Amino acid sequence: MTALLEVEDLRVAYGKIEAVKGISFTVDAGQVVTLIGTNGAGKTTTLRTLSGLLKPLGGRILFEGKPLANIPAHKIVSLGIAHSPEGRHIFPRLTITENLLLGAYLRNDKAGIEKDVQRAYDLFPILGERRKQAAGTLSGGEQQMLAMGRALMSQPKLLMLDEPSMGLSPIMMQKIMETIVELKAAGTTILLVEQNAQAALSLADQGHVMEVGKIVLSGAGSDLLHDESVRKAYLGED
Amino acid sequence: MNELPQQLANGLILGAMYGLIAIGYTMVYGIIQLINFAHGEIFMIGGFGALTVYLGLPSGFSLIAAIPLMIVGGVIAAVAISMAAERFAYRPLRGGPRLAPLITAIGLSLALQQAVWMWYPNATKDRSFPQFEGESFDVLGATIQRGDIFVLIVAPLCMLALGLFVSKTRAGRGMQATSQDPDTAKLMGINTDRIIVMAFAIGAAFAAVAAVAYGLKNGQIGFRMGFIMGLKAFTAAVLGGIGNIYGAMLGGVVLGIAEALATGYMSEVPGMELFGGGAWKDVWAFALLIIVLLVRPQGLLGERVSDRA
């Protein structure tokens with residue numbers, strides 16, 4: 001069985017500064033894989049490259065066995081990769097419904113889109129209650145829900161979530177993490193980038209620890225959660 | 001003496017033209033933050049496109065029947081030049097320093113003026129534009145020339161169509177998304193390059209309609225007409241809140257009416273006797289812009305949404 005996503009020796013640079021220095025990992029269908037690490041480790045850069053916003057310097061990205069290099073960002077989503085970006089980036093002056101519909105921009109099945117909008121409201125009832133409100137008026141946590149709901153609207157084969165818990169209250173963070181568990185149970189393949197290593201590792205099948213552009217440690221989520229060096233570096237234990 | 005209805009009507013007619021042209025400035029700015037200084041010349045080329053069609057029609061063709069064809073001709077000319085400018089002048093500079101496309105726009109503005117001056121037959125002087133014959137209309141105490149009816153009908157229709165397009169269609173939503181967050185728009189599958197072309201094309205089409213209105217009103221068009229009309233329309237766009245299409249139309253109307261009122265009444269204000277009349281109208285238009293920008297820098301309908309982190 002081939003992996004859904006295969007990243008091989010990926011290198012990405014901003015000008016002369018190499019932010020990702022040759023990383024390799026795979027994501028199998030139905031898995032939750034997480035990249036953890038501190039700020040500047042290259043996690044977000046990796047996701048932005050996978051979705052085509054950044055061009056790789058070298059290496060290979062295979063999605064369902066096909067190379068993604070040189071495919072522009074707006075075509076990558078049609079292959080089945082959805083990206084919920086760091087900082088949420090909802091469209092602030094559009095309503096919640098309009099934001100969700102933008103997630104389905106390339107779809108033509110009207111009835112299916114309606115159904116998925118409803119599904120997003122079921123997943124996050126607060127969005128349904130406020131559907132006609134401008135998205136910029138939502139709280140941070142609600143915006144995160146909208147960003148995730150919007151990403152799901154493209155019916156992705158791979159959902160990439162970048163720092164979904166960033167800046168959220170503990171209650172909101174818990175709600176977001178529970179939603180990821182729900183999505184996982186429903187069979188969604190997820191590539192999760194998180195600074196909250198504890199939360200990410202406890203729900204991931206596979207984890208990779210990144211440091212300054214490299215993967216320094218890989219393993220099953222539960223193993224990493226109990227790994228001593230990980231606990232010291234990322235889980236704040238002595 | 002009661003000339004207020006007349007001044008308001010004059011202002012509305014002028015303002016509707018400013019507003020139509022301002023749409024082009026505001027849409028392009030809203031999406032790529034470029035002040036397209038060549039847009040006034042796109043307006044001018046729209047006028048010459050319409051005139052070309054008119055001159056090609058058999059004699060005896062009624063003007064009312066010719067107008068739709070003239071609009072089509074003007075729109076084709078303006079949209080073609082505008083899309084070519086986007087493709088070959090602006091797009092190669094995207095991602096570079098902001099000043100580069102701005103300077104290009106100014107250069108393009110001069111180049112287009114000179115091209116028309118040089119290559120359009122007898123365009124070194126103003127060329128006469130067809131006029132509606134017949135009586136003018138009296139509406140609520142104002143006299144409205146037949147030719148001016150055109151813009152009063154067409155401008156609201158254009159705005160309505162644009163409003164529906166932007167809010168109700170998929171491409172319109174894609175356009176709003178691109179103007180609010182271009183990178184994230186790409187993540188939605190929106191081809192932002194195509195959205196940018198669309199913004200240039202719609203702006204050019206509206207400018208061409210305005211040019212037909214201008215020709216019908218003034219009875220002549222010339223290669224220099226885009227300069228001051230473009231500047232005023234840009235002012236209208238900023239006045240209304242640049243990036244906002246309704247602001248562009250509102251800014252146009254406010255500017256047009258302010259000009260008309262200043263022209264009509266400034267000389268009656270004590271101490272301002274010297275500053276009334278048509279000669280000072282541009283001064284008052286820009287004075288209004290300065291006042292609005294001091295009091296409300298984002299323009300009349302401009303909004304500042306702070307995106308939460």
# chains A, B, ... in the order shown; residues from 1 in each chain; ligands from 1

call {"tool": "residues_around", "arguments": {"residues": "A:Leu161", "least_positions_apart": "4", "cutoff": "7 Å", "atoms": "only C-alpha atoms", "output": "ChimeraX atom specification"}}
result
/A:83-85,191-193

call {"tool": "interface_residues", "arguments": {"of": "chain B", "to": "chain A", "cutoff": "12 Å", "atoms": "only C-alpha atoms", "output": "short mmCIF file (atom, residue, chain, number, x, y, z; two decimals) with N, CA and C atoms, in the first residue's frame"}}
result
data_model
loop_
_atom_site.label_atom_id
_atom_site.label_comp_id
_atom_site.auth_asym_id
_atom_site.auth_seq_id
_atom_site.Cartn_x
_atom_site.Cartn_y
_atom_site.Cartn_z
N VAL B 166 -20.89 40.68 -7.57
CA VAL B 166 -19.92 40.52 -6.49
C VAL B 166 -20.50 39.72 -5.32
N SER B 167 -21.79 39.93 -5.01
CA SER B 167 -22.31 39.28 -3.81
C SER B 167 -22.96 37.92 -4.09
N LYS B 168 -23.44 37.71 -5.32
CA LYS B 168 -24.23 36.50 -5.55
C LYS B 168 -23.53 35.42 -6.36
N THR B 169 -22.50 35.75 -7.09
CA THR B 169 -21.89 34.73 -7.93
C THR B 169 -20.63 34.16 -7.28
N ARG B 170 -20.25 33.00 -7.76
CA ARG B 170 -19.05 32.37 -7.24
C ARG B 170 -17.81 33.22 -7.57
N ALA B 171 -17.74 33.70 -8.81
CA ALA B 171 -16.58 34.51 -9.19
C ALA B 171 -16.53 35.80 -8.36
N GLY B 172 -17.70 36.36 -8.07
CA GLY B 172 -17.74 37.58 -7.26
C GLY B 172 -17.24 37.33 -5.85
N ARG B 173 -17.66 36.21 -5.28
CA ARG B 173 -17.15 35.85 -3.95
C ARG B 173 -15.65 35.62 -4.00
N GLY B 174 -15.19 34.99 -5.09
CA GLY B 174 -13.76 34.78 -5.25
C GLY B 174 -13.01 36.10 -5.30
N MET B 175 -13.64 37.08 -5.92
CA MET B 175 -13.04 38.41 -6.03
C MET B 175 -12.92 39.05 -4.64
N GLN B 176 -13.99 38.96 -3.85
CA GLN B 176 -13.93 39.52 -2.50
C GLN B 176 -12.88 38.80 -1.66
N ALA B 177 -12.85 37.49 -1.79
CA ALA B 177 -11.88 36.72 -1.01
C ALA B 177 -10.45 37.13 -1.39
N THR B 178 -10.20 37.29 -2.70
CA THR B 178 -8.87 37.66 -3.16
C THR B 178 -8.47 39.03 -2.62
N SER B 179 -9.43 39.95 -2.56
CA SER B 179 -9.07 41.28 -2.07
C SER B 179 -8.82 41.27 -0.57
N GLN B 180 -9.45 40.34 0.15
CA GLN B 180 -9.26 40.33 1.60
C GLN B 180 -8.02 39.54 2.03
N ASP B 181 -7.67 38.51 1.28
CA ASP B 181 -6.55 37.65 1.69
C ASP B 181 -6.12 36.78 0.51
N PRO B 182 -5.22 37.30 -0.34
CA PRO B 182 -4.91 36.59 -1.58
C PRO B 182 -4.33 35.20 -1.39
N ASP B 183 -3.45 35.02 -0.42
CA ASP B 183 -2.85 33.69 -0.23
C ASP B 183 -3.91 32.67 0.17
N THR B 184 -4.74 33.06 1.11
CA THR B 184 -5.78 32.13 1.55
C THR B 184 -6.78 31.87 0.43
N ALA B 185 -7.01 32.89 -0.41
CA ALA B 185 -7.90 32.69 -1.56
C ALA B 185 -7.37 31.56 -2.44
N LYS B 186 -6.05 31.53 -2.62
CA LYS B 186 -5.46 30.44 -3.42
C LYS B 186 -5.73 29.09 -2.79
N LEU B 187 -5.68 29.04 -1.45
CA LEU B 187 -5.93 27.78 -0.76
C LEU B 187 -7.36 27.28 -0.98
N MET B 188 -8.26 28.21 -1.34
CA MET B 188 -9.65 27.82 -1.62
C MET B 188 -9.78 27.29 -3.04
N GLY B 189 -8.71 27.39 -3.84
CA GLY B 189 -8.77 26.97 -5.23
C GLY B 189 -9.06 28.12 -6.19
N ILE B 190 -8.96 29.35 -5.69
CA ILE B 190 -9.25 30.50 -6.54
C ILE B 190 -8.01 30.86 -7.34
N ASN B 191 -8.19 30.95 -8.65
CA ASN B 191 -7.09 31.37 -9.51
C ASN B 191 -7.00 32.89 -9.43
N THR B 192 -6.13 33.37 -8.55
CA THR B 192 -6.12 34.81 -8.26
C THR B 192 -5.64 35.63 -9.47
N ASP B 193 -4.79 35.05 -10.30
CA ASP B 193 -4.39 35.77 -11.51
C ASP B 193 -5.60 36.09 -12.37
N ARG B 194 -6.50 35.13 -12.46
CA ARG B 194 -7.68 35.34 -13.29
C ARG B 194 -8.61 36.38 -12.66
N ILE B 195 -8.68 36.37 -11.34
CA ILE B 195 -9.50 37.37 -10.63
C ILE B 195 -8.96 38.78 -10.90
N ASN B 244 -13.80 49.88 -1.98
CA ASN B 244 -15.23 49.61 -1.78
C ASN B 244 -16.01 50.09 -3.01
N GLY B 302 -15.29 53.46 3.65
CA GLY B 302 -14.16 52.58 3.92
C GLY B 302 -14.25 52.08 5.35
N GLU B 303 -13.83 50.86 5.55
CA GLU B 303 -13.87 50.35 6.90
C GLU B 303 -12.51 49.82 7.27
N ARG B 304 -12.24 49.90 8.54
CA ARG B 304 -10.99 49.32 9.02
C ARG B 304 -11.35 48.13 9.86
N VAL B 305 -11.16 46.98 9.30
CA VAL B 305 -11.41 45.77 10.08
C VAL B 305 -10.07 45.30 10.60
N SER B 306 -9.94 45.24 11.89
CA SER B 306 -8.69 44.69 12.41
C SER B 306 -8.89 43.19 12.54
N ASP B 307 -8.10 42.46 11.83
CA ASP B 307 -8.21 41.01 11.88
C ASP B 307 -7.64 40.53 13.20
N ARG B 308 -8.40 39.73 13.87
CA ARG B 308 -7.91 39.21 15.14
C ARG B 308 -6.84 38.17 14.90
N ALA B 309 -5.85 38.21 15.77
CA ALA B 309 -4.77 37.24 15.61
C ALA B 309 -5.22 35.88 16.08
#

call {"tool": "residues_around", "arguments": {"residues": "A:Ser218", "least_positions_apart": "5", "cutoff": "7 Å", "atoms": "only C-alpha atoms", "output": "list in words"}}
result
Gly207, His208 and Val209 of chain A

call {"tool": "residues_around", "arguments": {"residues": "B:Val238", "least_positions_apart": "6", "cutoff": "8 Å", "atoms": "only C-alpha atoms", "output": "ChimeraX atom specification"}}
result
/B:248,251,289,298-299

call {"tool": "residues_around", "arguments": {"residues": "A:Leu203", "least_positions_apart": "2", "cutoff": "10 Å", "atoms": "only C-alpha atoms", "output": "JSON, numbers by chain"}}
result
{"A": [32, 33, 34, 177, 178, 180, 181, 184, 198, 199, 200, 201, 205, 206, 207, 221, 222]}

call {"tool": "select_by_dssp", "arguments": {"residues": "stretch 20-88 of chain A", "states": "strand (DSSP E or B)", "output": "NGL selection string"}}
result
:A and (20-27 or 32-37 or 58-63 or 66-67 or 81-84)

call {"tool": "write_last_selection", "arguments": {"atoms": "C-alpha atoms", "output": "PDB file, in the first residue's frame"}}
result
ATOM      1  CA  VAL A  20      13.380  23.277   5.841  1.00  0.00           C
ATOM      2  CA  LYS A  21      16.572  21.297   5.385  1.00  0.00           C
ATOM      3  CA  GLY A  22      15.686  17.952   3.889  1.00  0.00           C
ATOM      4  CA  ILE A  23      12.818  16.293   5.721  1.00  0.00           C
ATOM      5  CA  SER A  24      11.077  13.036   4.861  1.00  0.00           C
ATOM      6  CA  PHE A  25       7.835  11.604   6.206  1.00  0.00           C
ATOM      7  CA  THR A  26       4.695   9.892   5.005  1.00  0.00           C
ATOM      8  CA  VAL A  27       1.018  10.103   5.820  1.00  0.00           C
ATOM      9  CA  VAL A  32      -3.339  11.503  11.971  1.00  0.00           C
ATOM     10  CA  VAL A  33       0.268  12.601  11.665  1.00  0.00           C
ATOM     11  CA  THR A  34       1.636  15.499  13.639  1.00  0.00           C
ATOM     12  CA  LEU A  35       4.661  17.720  13.266  1.00  0.00           C
ATOM     13  CA  ILE A  36       5.669  19.262  16.553  1.00  0.00           C
ATOM     14  CA  GLY A  37       8.477  21.582  17.504  1.00  0.00           C
ATOM     15  CA  GLY A  58      14.582  20.435  -3.660  1.00  0.00           C
ATOM     16  CA  GLY A  59      13.180  17.061  -2.799  1.00  0.00           C
ATOM     17  CA  ARG A  60       9.930  15.406  -3.762  1.00  0.00           C
ATOM     18  CA  ILE A  61       6.319  15.595  -2.702  1.00  0.00           C
ATOM     19  CA  LEU A  62       4.095  12.770  -3.890  1.00  0.00           C
ATOM     20  CA  PHE A  63       0.353  12.855  -3.327  1.00  0.00           C
ATOM     21  CA  LYS A  66       1.826  11.888  -8.233  1.00  0.00           C
ATOM     22  CA  PRO A  67       4.421  14.660  -7.849  1.00  0.00           C
ATOM     23  CA  ILE A  81      -5.488  18.707  -0.056  1.00  0.00           C
ATOM     24  CA  ALA A  82      -7.120  21.306   2.182  1.00  0.00           C
ATOM     25  CA  HIS A  83      -5.086  23.659   4.333  1.00  0.00           C
ATOM     26  CA  SER A  84      -6.370  25.475   7.383  1.00  0.00           C
TER      27      SER A  84
END

call {"tool": "select_by_dssp", "arguments": {"residues": "stretch 266-304 of chain B", "states": "alpha helix (DSSP H)", "output": "PDB file with N, CA and C atoms, in the first residue's frame"}}
result
ATOM      1  N   LYS B 281     -13.859  75.041  -9.830  1.00  0.00           N
ATOM      2  CA  LYS B 281     -14.523  73.827  -9.369  1.00  0.00           C
ATOM      3  C   LYS B 281     -13.544  72.706  -9.008  1.00  0.00           C
ATOM      4  N   ASP B 282     -12.448  72.617  -9.744  1.00  0.00           N
ATOM      5  CA  ASP B 282     -11.470  71.571  -9.414  1.00  0.00           C
ATOM      6  C   ASP B 282     -10.844  71.820  -8.045  1.00  0.00           C
ATOM      7  N   VAL B 283     -10.616  73.094  -7.748  1.00  0.00           N
ATOM      8  CA  VAL B 283     -10.043  73.426  -6.444  1.00  0.00           C
ATOM      9  C   VAL B 283     -10.958  72.938  -5.330  1.00  0.00           C
ATOM     10  N   TRP B 284     -12.260  73.190  -5.505  1.00  0.00           N
ATOM     11  CA  TRP B 284     -13.193  72.783  -4.446  1.00  0.00           C
ATOM     12  C   TRP B 284     -13.303  71.274  -4.364  1.00  0.00           C
ATOM     13  N   ALA B 285     -13.213  70.609  -5.504  1.00  0.00           N
ATOM     14  CA  ALA B 285     -13.268  69.146  -5.478  1.00  0.00           C
ATOM     15  C   ALA B 285     -12.118  68.574  -4.639  1.00  0.00           C
ATOM     16  N   PHE B 286     -10.917  69.098  -4.878  1.00  0.00           N
ATOM     17  CA  PHE B 286      -9.771  68.558  -4.141  1.00  0.00           C
ATOM     18  C   PHE B 286      -9.758  69.029  -2.692  1.00  0.00           C
ATOM     19  N   ALA B 287     -10.295  70.245  -2.463  1.00  0.00           N
ATOM     20  CA  ALA B 287     -10.417  70.705  -1.075  1.00  0.00           C
ATOM     21  C   ALA B 287     -11.325  69.758  -0.291  1.00  0.00           C
ATOM     22  N   LEU B 288     -12.402  69.325  -0.938  1.00  0.00           N
ATOM     23  CA  LEU B 288     -13.308  68.379  -0.282  1.00  0.00           C
ATOM     24  C   LEU B 288     -12.578  67.081   0.059  1.00  0.00           C
ATOM     25  N   LEU B 289     -11.760  66.618  -0.900  1.00  0.00           N
ATOM     26  CA  LEU B 289     -11.003  65.389  -0.657  1.00  0.00           C
ATOM     27  C   LEU B 289     -10.116  65.545   0.576  1.00  0.00           C
ATOM     28  N   ILE B 290      -9.422  66.701   0.647  1.00  0.00           N
ATOM     29  CA  ILE B 290      -8.504  66.909   1.772  1.00  0.00           C
ATOM     30  C   ILE B 290      -9.270  66.910   3.088  1.00  0.00           C
ATOM     31  N   ILE B 291     -10.423  67.575   3.097  1.00  0.00           N
ATOM     32  CA  ILE B 291     -11.209  67.636   4.331  1.00  0.00           C
ATOM     33  C   ILE B 291     -11.655  66.238   4.755  1.00  0.00           C
ATOM     34  N   VAL B 292     -12.178  65.476   3.784  1.00  0.00           N
ATOM     35  CA  VAL B 292     -12.646  64.129   4.135  1.00  0.00           C
ATOM     36  C   VAL B 292     -11.495  63.278   4.647  1.00  0.00           C
ATOM     37  N   LEU B 293     -10.340  63.386   3.998  1.00  0.00           N
ATOM     38  CA  LEU B 293      -9.212  62.551   4.432  1.00  0.00           C
ATOM     39  C   LEU B 293      -8.711  62.952   5.815  1.00  0.00           C
ATOM     40  N   LEU B 294      -8.880  64.242   6.168  1.00  0.00           N
ATOM     41  CA  LEU B 294      -8.475  64.661   7.511  1.00  0.00           C
ATOM     42  C   LEU B 294      -9.436  64.111   8.557  1.00  0.00           C
ATOM     43  N   VAL B 295     -10.715  64.152   8.241  1.00  0.00           N
ATOM     44  CA  VAL B 295     -11.717  63.765   9.223  1.00  0.00           C
ATOM     45  C   VAL B 295     -11.926  62.258   9.238  1.00  0.00           C
TER      46      VAL B 295
END

call {"tool": "atom_distance", "arguments": {"atom1": "atom CA of B:Ala204", "atom2": "atom CA of B:Leu8"}}
result
27.3 Å

call {"tool": "residues_around", "arguments": {"residues": "A:Met210", "least_positions_apart": "3", "cutoff": "9 Å", "atoms": "only C-alpha atoms", "output": "ChimeraX atom specification"}}
result
/A:35-38,41-43,213-217

call {"tool": "closest_residue", "arguments": {"among": "B:Gly277, B:Gly241, B:Gly46, B:Gly247", "to": "B:Gly264", "atoms": "only C-alpha atoms"}}
result
B:Gly277

call {"tool": "atom_distance", "arguments": {"atom1": "atom CA of A:Glu64", "atom2": "atom CA of A:Thr46"}}
result
18.0 Å

call {"tool": "closest_residue", "arguments": {"among": "A:Leu57, A:Ala147, A:Ala120, A:Ala19", "to": "A:Asp162", "atoms": "only C-alpha atoms"}}
result
A:Ala147

call {"tool": "decode", "arguments": {"residues": "stretch 123-190 of chain B", "atoms": "C-alpha atoms", "output": "PDB file, in the first residue's frame"}}
result
ATOM      1  CA  ALA B 123      -7.151  62.981 -33.003  1.00  0.00           C
ATOM      2  CA  THR B 124      -4.595  65.731 -32.505  1.00  0.00           C
ATOM      3  CA  LYS B 125      -7.632  67.941 -31.927  1.00  0.00           C
ATOM      4  CA  ASP B 126     -10.894  67.088 -30.212  1.00  0.00           C
ATOM      5  CA  ARG B 127     -13.205  65.007 -32.371  1.00  0.00           C
ATOM      6  CA  SER B 128     -16.907  65.605 -32.370  1.00  0.00           C
ATOM      7  CA  PHE B 129     -19.142  62.973 -30.813  1.00  0.00           C
ATOM      8  CA  PRO B 130     -22.735  62.341 -31.953  1.00  0.00           C
ATOM      9  CA  GLN B 131     -25.456  64.248 -30.142  1.00  0.00           C
ATOM     10  CA  PHE B 132     -29.123  63.648 -29.491  1.00  0.00           C
ATOM     11  CA  GLU B 133     -31.319  66.186 -31.247  1.00  0.00           C
ATOM     12  CA  GLY B 134     -34.426  67.572 -29.706  1.00  0.00           C
ATOM     13  CA  GLU B 135     -35.874  69.269 -26.697  1.00  0.00           C
ATOM     14  CA  SER B 136     -34.460  68.886 -23.247  1.00  0.00           C
ATOM     15  CA  PHE B 137     -36.586  67.567 -20.393  1.00  0.00           C
ATOM     16  CA  ASP B 138     -37.800  69.402 -17.335  1.00  0.00           C
ATOM     17  CA  VAL B 139     -37.606  67.270 -14.214  1.00  0.00           C
ATOM     18  CA  LEU B 140     -38.532  68.786 -10.835  1.00  0.00           C
ATOM     19  CA  GLY B 141     -37.398  72.208 -11.917  1.00  0.00           C
ATOM     20  CA  ALA B 142     -34.140  71.084 -13.496  1.00  0.00           C
ATOM     21  CA  THR B 143     -33.416  71.047 -17.207  1.00  0.00           C
ATOM     22  CA  ILE B 144     -31.844  67.798 -18.352  1.00  0.00           C
ATOM     23  CA  GLN B 145     -30.377  67.463 -21.816  1.00  0.00           C
ATOM     24  CA  ARG B 146     -31.340  64.419 -23.830  1.00  0.00           C
ATOM     25  CA  GLY B 147     -27.769  63.120 -23.901  1.00  0.00           C
ATOM     26  CA  ASP B 148     -27.552  63.226 -20.120  1.00  0.00           C
ATOM     27  CA  ILE B 149     -30.451  60.841 -19.694  1.00  0.00           C
ATOM     28  CA  PHE B 150     -28.072  58.076 -20.786  1.00  0.00           C
ATOM     29  CA  VAL B 151     -25.808  58.163 -17.761  1.00  0.00           C
ATOM     30  CA  LEU B 152     -28.709  58.617 -15.356  1.00  0.00           C
ATOM     31  CA  ILE B 153     -30.193  55.341 -16.579  1.00  0.00           C
ATOM     32  CA  VAL B 154     -27.073  53.343 -17.251  1.00  0.00           C
ATOM     33  CA  ALA B 155     -24.998  54.137 -14.157  1.00  0.00           C
ATOM     34  CA  PRO B 156     -27.523  52.718 -11.656  1.00  0.00           C
ATOM     35  CA  LEU B 157     -28.011  49.655 -13.867  1.00  0.00           C
ATOM     36  CA  CYS B 158     -24.264  49.044 -14.022  1.00  0.00           C
ATOM     37  CA  MET B 159     -23.954  49.401 -10.264  1.00  0.00           C
ATOM     38  CA  LEU B 160     -26.844  47.038  -9.657  1.00  0.00           C
ATOM     39  CA  ALA B 161     -25.321  44.458 -11.978  1.00  0.00           C
ATOM     40  CA  LEU B 162     -21.926  44.776 -10.321  1.00  0.00           C
ATOM     41  CA  GLY B 163     -23.416  44.529  -6.842  1.00  0.00           C
ATOM     42  CA  LEU B 164     -25.240  41.340  -7.769  1.00  0.00           C
ATOM     43  CA  PHE B 165     -22.181  39.911  -9.465  1.00  0.00           C
ATOM     44  CA  VAL B 166     -19.922  40.516  -6.486  1.00  0.00           C
ATOM     45  CA  SER B 167     -22.312  39.276  -3.809  1.00  0.00           C
ATOM     46  CA  LYS B 168     -24.233  36.501  -5.548  1.00  0.00           C
ATOM     47  CA  THR B 169     -21.894  34.725  -7.930  1.00  0.00           C
ATOM     48  CA  ARG B 170     -19.047  32.373  -7.242  1.00  0.00           C
ATOM     49  CA  ALA B 171     -16.581  34.514  -9.191  1.00  0.00           C
ATOM     50  CA  GLY B 172     -17.743  37.583  -7.264  1.00  0.00           C
ATOM     51  CA  ARG B 173     -17.146  35.855  -3.948  1.00  0.00           C
ATOM     52  CA  GLY B 174     -13.758  34.776  -5.245  1.00  0.00           C
ATOM     53  CA  MET B 175     -13.039  38.408  -6.025  1.00  0.00           C
ATOM     54  CA  GLN B 176     -13.934  39.522  -2.498  1.00  0.00           C
ATOM     55  CA  ALA B 177     -11.877  36.720  -1.008  1.00  0.00           C
ATOM     56  CA  THR B 178      -8.869  37.656  -3.160  1.00  0.00           C
ATOM     57  CA  SER B 179      -9.066  41.277  -2.074  1.00  0.00           C
ATOM     58  CA  GLN B 180      -9.259  40.329   1.601  1.00  0.00           C
ATOM     59  CA  ASP B 181      -6.548  37.655   1.695  1.00  0.00           C
ATOM     60  CA  PRO B 182      -4.913  36.593  -1.585  1.00  0.00           C
ATOM     61  CA  ASP B 183      -2.852  33.687  -0.233  1.00  0.00           C
ATOM     62  CA  THR B 184      -5.785  32.129   1.551  1.00  0.00           C
ATOM     63  CA  ALA B 185      -7.902  32.687  -1.559  1.00  0.00           C
ATOM     64  CA  LYS B 186      -5.460  30.440  -3.421  1.00  0.00           C
ATOM     65  CA  LEU B 187      -5.932  27.775  -0.759  1.00  0.00           C
ATOM     66  CA  MET B 188      -9.645  27.820  -1.622  1.00  0.00           C
ATOM     67  CA  GLY B 189      -8.766  26.972  -5.232  1.00  0.00           C
ATOM     68  CA  ILE B 190      -9.251  30.502  -6.536  1.00  0.00           C
TER      69      ILE B 190
END
